[in-house]
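Written below as structure tokens is the structure these notes are about.
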Amino acid sequence: MAVAAGLLSLMASAAESGDDPLLRPIAPDFANQWLTPVAPGRVFGNTYSVGFGGLSVALIDTGEGLILVDGAVPQAVPAIEANIRALGFRLEDVKLILSTEPHYDHAGGLAALARDTGATVVAGTLAAPVLAAGQSGADDPQRPWLPPFPAVRDVWAVADGETIRLGSVTVTALATPGHTAGSVSWTWQSCEAARCQTVVFASSLNPVAPDEFRFSAPANRALVETYGRSFARMRGVPCDLLITAHPDFHPGETPDGTSACAAYAEAAEARLEARLHREASGGGA
């Protein structure tokens, strides 16, 4: 309870701070649903959780520096940084920050985190210019919903399948577009003694858009096909341990022989099929 109260206090302080443009709250009333404080802790091996009840933020200790995955919203940055310190790590040891998608709920805190740590932000090829602009492009179905976020400068853009090595850890970028054109999931090995697991930090696969957007429209057929390829990619990726960008979408326990990544993809595919069915029936979201 003390940890939760402390994190709430940090986020409240950030919300009250009007002198730091990189920490100005974005959609605080809506974003608060994601920012339930969770005590930081080890997930497995050198992989840790430093995020929240509704937004995942992961930390990897490579032995020669830290890798952070995602940055939540700006007002969450003080709590993320406090979580990193609570685990006994130093902010200046964060060398890389990996981005899953250029939306404010996952990328809003990247600029402040990069400034405070000196780390390099890494993102997919199509996400990098969106992060640099701080605003989603016209091709994003969710653009009408999305507020701008602090722009991220000097983004290292990586291609699908590209690997990044730091210390003992090699992270691979897996393009999983659909939710955004530049969405990337990240995978790496994490070990405890002689036991190693393949960890996947999965970008959102949620096929969501305003009511007036029609996935079923001929002009959006390519987007539906893109989702299909990402579902197939996620079903086929080696996956011992899954971290989802929004923990609410984690599939939980899965039947024997079904990986969590496959179950995650199947649930997202079912949501897309349901949306297409509603559109065909004259409904919307």
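Going by the structure tokens order, chains are called A, B, ..., each with residues numbered from 1, while ligands are numbered from 1 in the order shown.
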If you run DSSP on this backbone, which residues of segment 63-185 of chain A come out as alpha helix (DSSP H), and could you give them as JSON, numbers by chain? {"A": [77, 78, 79, 80, 81, 82, 83, 84, 85, 86, 104, 105, 106, 107, 110, 111, 112, 113, 114, 115, 116, 117, 128, 129, 130, 131, 132, 133]}
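The space separating atom CA of Ala175 of chain A from atom CA of Pro102 of chain A comes to 13.3 Å.
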Env of segment 164-174 of chain A: 6 Å cut, atoms = only C-alpha atoms, seq-sep filter 4 positions within chain, self excluded. Answer as an MDAnalysis selection string. chainID A and resid 62:64 160 184:188
Quick one: pull the distance between atom CA of His106 of chain A and atom CA of Tyr227 of chain A, Å, one decimal. 19.6 Å
List every residue of segment 72-160 of chain A that DSSP, applied to the backbone, labels as strand (DSSP E or B), and write the result as a ChimeraX atom specification. /A:94-98,120-124,156-158
Please save N, CA, C and O atoms of the selected residues as a compact mmCIF listing (two decimals), in the first residue's frame.
```
# COMPACT_ATOMS: atom_id res chain seq x y z
N VAL A 94 20.18 3.42 -18.15
CA VAL A 94 19.26 3.10 -19.25
C VAL A 94 19.91 3.62 -20.54
O VAL A 94 20.11 4.82 -20.71
N LYS A 95 20.21 2.71 -21.45
CA LYS A 95 20.91 3.06 -22.69
C LYS A 95 19.99 3.09 -23.90
O LYS A 95 20.22 3.84 -24.85
N LEU A 96 18.95 2.27 -23.88
CA LEU A 96 18.02 2.19 -25.00
C LEU A 96 16.59 2.19 -24.47
O LEU A 96 16.31 1.61 -23.41
N ILE A 97 15.68 2.84 -25.20
CA ILE A 97 14.25 2.80 -24.90
C ILE A 97 13.54 2.34 -26.16
O ILE A 97 13.57 3.04 -27.19
N LEU A 98 12.92 1.18 -26.11
CA LEU A 98 12.24 0.61 -27.26
C LEU A 98 10.78 1.03 -27.26
O LEU A 98 10.11 0.98 -26.22
N THR A 120 18.88 6.33 -26.00
CA THR A 120 18.43 6.44 -27.39
C THR A 120 17.09 5.74 -27.53
O THR A 120 16.93 4.60 -27.08
N VAL A 121 16.13 6.39 -28.17
CA VAL A 121 14.83 5.79 -28.43
C VAL A 121 14.92 5.00 -29.74
O VAL A 121 15.44 5.49 -30.74
N VAL A 122 14.40 3.78 -29.72
CA VAL A 122 14.42 2.89 -30.88
C VAL A 122 12.98 2.57 -31.27
O VAL A 122 12.17 2.22 -30.41
N ALA A 123 12.66 2.66 -32.56
CA ALA A 123 11.29 2.42 -33.02
C ALA A 123 11.32 1.85 -34.42
O ALA A 123 12.36 1.87 -35.12
N GLY A 124 10.19 1.34 -34.87
CA GLY A 124 10.07 0.84 -36.22
C GLY A 124 10.21 1.94 -37.25
O GLY A 124 10.01 3.12 -36.96
N TRP A 156 16.18 6.15 -33.39
CA TRP A 156 16.89 5.11 -34.16
C TRP A 156 15.82 4.21 -34.78
O TRP A 156 15.12 3.50 -34.08
N ALA A 157 15.67 4.29 -36.09
CA ALA A 157 14.66 3.50 -36.79
C ALA A 157 15.24 2.15 -37.17
O ALA A 157 16.33 2.06 -37.76
N VAL A 158 14.50 1.08 -36.87
CA VAL A 158 14.94 -0.28 -37.18
C VAL A 158 13.91 -0.98 -38.05
O VAL A 158 12.71 -0.74 -37.95
```
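Taking atom CA of Ser99 of chain A and atom CA of Leu59 of chain A as endpoints, the distance between them is 12.4 Å.
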